Amino acid sequence: MTTPKKLFIKTYGCQMNVYDSERMAEALGGQGYVETQTPDDADMILLNTCHIREKAAEKVYSELGRFKGLKAEKPDLKIGVAGCVAQAEGQEIMRRQPLVDLVVGPQSYHRLPEMEAKTQAGEKALDTDFPEEDKFEKLKSRPKAQRGPTAFLTVQEGCDKFCAFCVVPYTRGAEVSRPVDRILTEARDLVERGVREITLLGQNVNAYHGAGPEGSDYTLAKLIWDLDKVDGLERIRFTTSHPNDMTDDLIEAHGTCSKLMPYLHLPVQSGSDRILKRMNRNHTADSYLRLVERIREARPDILMSGDFIVGFPEETEDDFQATLDLVEEVNYGYAYSFKYSTRPGTPAAERPQVAPEQADDRLQRLQALITRQQRTIQDGMVGRTVNVLFEKPGRLSGQMGGKSDYLHAVHVANANVQVGEIARVRIVEAAANSLAGVID
């Protein structure tokens with residue numbers, strides 16, 4: 001009996017990278033690999049990288065440097081770099097770190113089996129193309145192992161928006177939507193394996209326009225309604241959305257589709273119209289606020305989440321105050337805020353930069369406001385009864401943890417429930433980042 005080879009994947013960044021890592025593991029499973037949780041006993045190490053954060057490439061090179069000793073001890077160990085840094089850096093990765101055997105971009109990972117075979121023959125393997133073939137179709141067969149109760153499912157990739165701060169259009173390519181039938185097939189397969197909640201993924205997921213039956217064009221809302229009919233699928237979420245693609249039928253679905261959860265991540269980035277224009281966002285603060293009003297009219301209890309960049313080139317104190325004003329008006333349940341950092345090759349990188357100490361100060365003030373809003377909403381959940389999908393045992397004996405409809409983490413002590421079960425839970429206590437409850 002052949003001993004399985006071991007694969008270690010380290011995933012950086014967004015949920016789409018988590019999904020991609022799963023698919024890469026499946027692709028290499030056909031080559032005899034099984035996943036391991038440590039690089040020390042791996043036969044192949046893959047870093048699935050993200051290019052969004054500051055100095056992303058340098059952090060990858062630093063991580064690769066830590067494997068030099070391991071590679072010296074195990075000359076047959078194969079090391080690969082995947083994802084957006086791989087796409088951006090390409091051959092440069094192998095030049096700077098000769099220990100790297102394989103570099104593959106996010107649109108080419110379906111070619112991993114052939115690339116791995118090449119490395120076994122002692123050759124280097126590089127593929128950062130944007131191939132015409134559908135990588136999802138090439139990887140359509142999944143092993144039938146049982147899954148946890150939640151899963152990601154990519155429905156759309158790439159971006160045509162070209163925000164001035166963002167590298168995604170260059171690393172992920174143009175917007176492409178998967179055909180409806182392939183998404184539904186994958187969703188049913190996930191449900192058969194124990195999944196009860198699916199989060200639909202895309203760089204601009206609400207820009208989804210996939211081919212439906214008989215050549216029809218599907219919006220994201222129409223896709224959600226088809227998923228609503230999948231027996232055994234109890235919850236649907238999607239991320240990440242662009243305000244310009246929040247269509248009427250999608251807003252309506254939030255109010256009428258019972259499986260679509262009352263949570264929406266809708267990045268705005270800034271509350272200043274001047275900065276939004278410089279970001280090439282193509283919406284205004286007012287149009288965003290009016291959109292939020294319409295969404296809340298459709299689903300009054302919806303919990304809003306957002307993204308913010310502070311210290312964007314040329315941002316003034318007045319611009320930043322406009323962001324604080326918008327946050328006050330929306331009242332976010334969650335929000336992710338970052339200090340602007342340059343991305344080589346993007347328009348914003350060439351503009352006058354805000355002083356680091358000013359950007360630091362603004363980030364701290366914004367995060368303090370967001371934290372207060374989040375805590376107020378968490379405290380307001382006490383006494384309410386919510387549905388919780390239990391995902392795993394808690395840290396304490398008898399404790400179970402899961403997520404509410406609103407994506408709050410909820411823990412229940414002495415819970416007589418199983419993983420994958422949805423139960424009504426009365427919230428009795430709120431902490432900074434989680435809720436405690438009892439089965440109702």
# chains A, B, ... in the order shown; residues from 1 in each chain; ligands from 1
>>> closest_atom_pairs(of="stretch 170-264 of chain A", to="stretch 10-20 of chain A", cutoff="9 Å", atoms="only C-alpha atoms", output="Markdown table")
| residue | atom | partner | partner_atom | distance |
| --- | --- | --- | --- | --- |
| A:Leu201 | CA | A:Met16 | CA | 6.3 |
| A:Gly202 | CA | A:Met16 | CA | 7.2 |
| A:Gln203 | CA | A:Met16 | CA | 8.2 |
| A:Thr239 | CA | A:Gln15 | CA | 8.8 |
>>> residues_around(residues="A:Pro393", least_positions_apart="6", cutoff="12 Å", atoms="only C-alpha atoms", output="PyMOL selection string")
chain A and resi 399-402+410-420
>>> atom_distance(atom1="atom CA of A:Asp231", atom2="atom CA of A:Asp248")
26.3 Å
>>> residues_around(residues="A:Ala56", least_positions_apart="6", cutoff="12 Å", atoms="only C-alpha atoms", output="ChimeraX atom specification")
/A:12-13,48-50,62-63,83-86,88-89,167,341-344
>>> closest_residue(among="A:Arg237, A:Lys68, A:Arg278, A:Arg95", to="A:Ser258", atoms="only C-alpha atoms")
A:Arg237
>>> residues_around(residues="A:Lys78", least_positions_apart="6", cutoff="9 Å", atoms="only C-alpha atoms", output="list in words")
Ala42, Asp43, Met44, Ile45, Leu46, Lys71, Leu99, Val100, Asp101, Leu102, Glu116, Thr119 and Gln120 of chain A
>>> write_last_selection(atoms="C-alpha atoms", output="PDB file, in the first residue's frame")
ATOM      1  CA  ALA A  42       4.768  17.838   4.675  1.00  0.00           C
ATOM      2  CA  ASP A  43       5.902  16.604   1.277  1.00  0.00           C
ATOM      3  CA  MET A  44       4.515  19.776  -0.301  1.00  0.00           C
ATOM      4  CA  ILE A  45       3.971  23.228   1.196  1.00  0.00           C
ATOM      5  CA  LEU A  46       1.650  25.695  -0.539  1.00  0.00           C
ATOM      6  CA  LYS A  71      14.165  22.216   2.672  1.00  0.00           C
ATOM      7  CA  LEU A  99      13.790  26.999  -2.925  1.00  0.00           C
ATOM      8  CA  VAL A 100      10.361  27.615  -4.536  1.00  0.00           C
ATOM      9  CA  ASP A 101       9.446  24.850  -6.980  1.00  0.00           C
ATOM     10  CA  LEU A 102       6.013  26.013  -8.107  1.00  0.00           C
ATOM     11  CA  GLU A 116       3.210  18.974  -9.362  1.00  0.00           C
ATOM     12  CA  THR A 119       8.286  19.361  -9.975  1.00  0.00           C
ATOM     13  CA  GLN A 120       8.622  15.637  -9.233  1.00  0.00           C
TER      14      GLN A 120
END
>>> atom_distance(atom1="atom CA of A:Ile93", atom2="atom CA of A:Asp41")
23.6 Å
>>> residues_around(residues="A:Leu250", least_positions_apart="3", cutoff="6 Å", atoms="only C-alpha atoms", output="JSON list (two decimals) with N, CA, C and O atoms, in the first residue's frame")
[["chain", "number", "residue", "atom", "x", "y", "z"],
["A", 221, "ALA", "N", -29.85, 37.67, -7.32],
["A", 221, "ALA", "CA", -31.14, 37.41, -6.66],
["A", 221, "ALA", "C", -31.81, 36.17, -7.25],
["A", 221, "ALA", "O", -32.35, 35.33, -6.51],
["A", 247, "THR", "N", -28.98, 45.56, -6.75],
["A", 247, "THR", "CA", -30.14, 45.70, -7.63],
["A", 247, "THR", "C", -31.46, 45.61, -6.86],
["A", 247, "THR", "O", -31.51, 45.12, -5.73],
["A", 253, "ALA", "N", -35.19, 40.51, -2.33],
["A", 253, "ALA", "CA", -34.94, 39.16, -1.82],
["A", 253, "ALA", "C", -34.63, 39.17, -0.34],
["A", 253, "ALA", "O", -34.98, 38.24, 0.40]]
>>> atom_distance(atom1="atom CA of A:Phe390", atom2="atom CA of A:Ser404")
8.9 Å
>>> residues_around(residues="A:Pro267", least_positions_apart="2", cutoff="9 Å", atoms="only C-alpha atoms", output="MDAnalysis selection string")
chainID A and resid 240:243 265 269:270 305:308 335:336
>>> write_last_selection(atoms="C-alpha atoms", output="PDB file, in the first residue's frame")
ATOM      1  CA  THR A 240     -18.512  40.911  -0.907  1.00  0.00           C
ATOM      2  CA  SER A 241     -20.918  43.391  -2.505  1.00  0.00           C
ATOM      3  CA  HIS A 242     -20.444  46.691  -4.319  1.00  0.00           C
ATOM      4  CA  PRO A 243     -23.054  49.429  -3.729  1.00  0.00           C
ATOM      5  CA  HIS A 265     -21.564  43.332   4.032  1.00  0.00           C
ATOM      6  CA  GLN A 269     -14.646  52.881   1.952  1.00  0.00           C
ATOM      7  CA  SER A 270     -15.172  56.605   2.731  1.00  0.00           C
ATOM      8  CA  SER A 305     -21.290  45.550   7.848  1.00  0.00           C
ATOM      9  CA  GLY A 306     -18.803  47.690   5.932  1.00  0.00           C
ATOM     10  CA  ASP A 307     -15.205  48.395   4.908  1.00  0.00           C
ATOM     11  CA  PHE A 308     -13.310  51.656   5.384  1.00  0.00           C
ATOM     12  CA  ALA A 335     -16.990  46.984  10.118  1.00  0.00           C
ATOM     13  CA  TYR A 336     -13.450  46.460   8.903  1.00  0.00           C
TER      14      TYR A 336
END
>>> closest_residue(among="A:Gln353, A:Asn331, A:Gln156, A:Asn280", to="A:Val310", atoms="only C-alpha atoms")
A:Gln353
>>> closest_residue(among="A:Lys339, A:Leu200, A:Met261, A:Lys277", to="A:Met304", atoms="only C-alpha atoms")
A:Met261
>>> residues_around(residues="A:Leu435", least_positions_apart="3", cutoff="10 Å", atoms="only C-alpha atoms", output="PyMOL selection string")
chain A and resi 378-379+381-382+401+403-404+408-412+426-432
>>> decode(residues="stretch 91-184 of chain A", atoms="C-alpha atoms", output="CSV table (one decimal), in the first residue's frame")
chain,number,residue,atom,x,y,z
A,91,GLN,CA,9.0,34.5,-12.0
A,92,GLU,CA,10.4,37.0,-9.5
A,93,ILE,CA,9.4,34.7,-6.7
A,94,MET,CA,11.7,31.9,-8.0
A,95,ARG,CA,14.5,34.3,-8.6
A,96,ARG,CA,14.4,35.7,-5.1
A,97,GLN,CA,13.7,32.4,-3.4
A,98,PRO,CA,15.3,29.5,-5.4
A,99,LEU,CA,13.8,27.0,-2.9
A,100,VAL,CA,10.4,27.6,-4.5
A,101,ASP,CA,9.4,24.9,-7.0
A,102,LEU,CA,6.0,26.0,-8.1
A,103,VAL,CA,4.2,29.3,-8.7
A,104,VAL,CA,0.6,29.3,-9.7
A,105,GLY,CA,-1.9,32.2,-10.1
A,106,PRO,CA,-5.5,32.1,-8.8
A,107,GLN,CA,-7.0,31.4,-12.2
A,108,SER,CA,-4.7,28.4,-12.9
A,109,TYR,CA,-4.8,26.2,-9.9
A,110,HIS,CA,-6.8,23.5,-11.7
A,111,ARG,CA,-3.5,22.8,-13.5
A,112,LEU,CA,-1.8,21.9,-10.2
A,113,PRO,CA,-1.6,18.2,-10.9
A,114,GLU,CA,0.4,18.7,-14.0
A,115,MET,CA,2.6,21.3,-12.3
A,116,GLU,CA,3.2,19.0,-9.4
A,117,ALA,CA,4.2,16.2,-11.7
A,118,LYS,CA,6.7,18.6,-13.3
A,119,THR,CA,8.3,19.4,-10.0
A,120,GLN,CA,8.6,15.6,-9.2
A,121,ALA,CA,10.7,15.4,-12.4
A,122,GLY,CA,13.0,18.0,-11.0
A,123,GLU,CA,11.7,21.0,-13.0
A,124,LYS,CA,10.3,24.3,-11.9
A,125,ALA,CA,6.6,25.0,-12.7
A,126,LEU,CA,5.2,28.4,-13.3
A,127,ASP,CA,1.6,29.3,-14.4
A,128,THR,CA,0.2,32.8,-14.0
A,129,ASP,CA,-2.0,32.8,-17.1
A,130,PHE,CA,-5.6,33.7,-17.3
A,131,PRO,CA,-6.7,30.5,-19.2
A,132,GLU,CA,-9.9,30.3,-21.2
A,133,GLU,CA,-10.9,27.0,-19.8
A,134,ASP,CA,-13.2,27.0,-16.7
A,135,LYS,CA,-11.1,26.0,-13.7
A,136,PHE,CA,-14.3,25.1,-11.8
A,137,GLU,CA,-15.4,22.8,-14.5
A,138,LYS,CA,-12.0,21.1,-14.5
A,139,LEU,CA,-12.3,20.6,-10.7
A,140,LYS,CA,-16.0,19.7,-10.7
A,141,SER,CA,-15.6,16.3,-8.9
A,142,ARG,CA,-15.3,16.6,-5.2
A,143,PRO,CA,-14.5,13.8,-2.7
A,144,LYS,CA,-17.6,12.8,-0.8
A,145,ALA,CA,-16.1,13.3,2.7
A,146,GLN,CA,-18.4,14.7,5.3
A,147,ARG,CA,-18.3,18.5,5.7
A,148,GLY,CA,-19.0,20.9,8.5
A,149,PRO,CA,-22.3,22.7,8.5
A,150,THR,CA,-21.1,25.8,6.7
A,151,ALA,CA,-19.2,26.2,3.4
A,152,PHE,CA,-18.1,28.8,0.9
A,153,LEU,CA,-19.1,28.6,-2.7
A,154,THR,CA,-17.5,30.9,-5.3
A,155,VAL,CA,-20.0,32.1,-7.9
A,156,GLN,CA,-18.1,35.1,-9.4
A,157,GLU,CA,-14.5,36.2,-9.7
A,158,GLY,CA,-12.6,39.2,-10.9
A,159,CYS,CA,-13.4,42.9,-10.9
A,160,ASP,CA,-14.1,45.5,-13.6
A,161,LYS,CA,-14.4,48.4,-11.1
A,162,PHE,CA,-10.7,49.5,-11.0
A,163,CYS,CA,-10.8,51.3,-7.7
A,164,ALA,CA,-7.7,53.5,-7.5
A,165,PHE,CA,-6.3,51.6,-4.4
A,166,CYS,CA,-7.0,48.0,-5.5
A,167,VAL,CA,-4.9,45.3,-7.3
A,168,VAL,CA,-7.7,42.8,-7.7
A,169,PRO,CA,-8.4,43.6,-11.4
A,170,TYR,CA,-4.8,42.8,-12.1
A,171,THR,CA,-4.4,39.7,-10.0
A,172,ARG,CA,-7.9,38.1,-10.4
A,173,GLY,CA,-8.7,39.5,-13.9
A,174,ALA,CA,-12.0,40.7,-15.3
A,175,GLU,CA,-15.4,39.8,-13.8
A,176,VAL,CA,-16.5,36.3,-14.7
A,177,SER,CA,-19.6,34.5,-13.4
A,178,ARG,CA,-20.1,30.7,-13.2
A,179,PRO,CA,-23.0,29.1,-14.9
A,180,VAL,CA,-26.1,28.5,-12.7
A,181,ASP,CA,-26.2,24.7,-13.2
A,182,ARG,CA,-22.7,24.2,-12.0
A,183,ILE,CA,-23.3,26.3,-8.9
A,184,LEU,CA,-26.5,24.4,-8.1
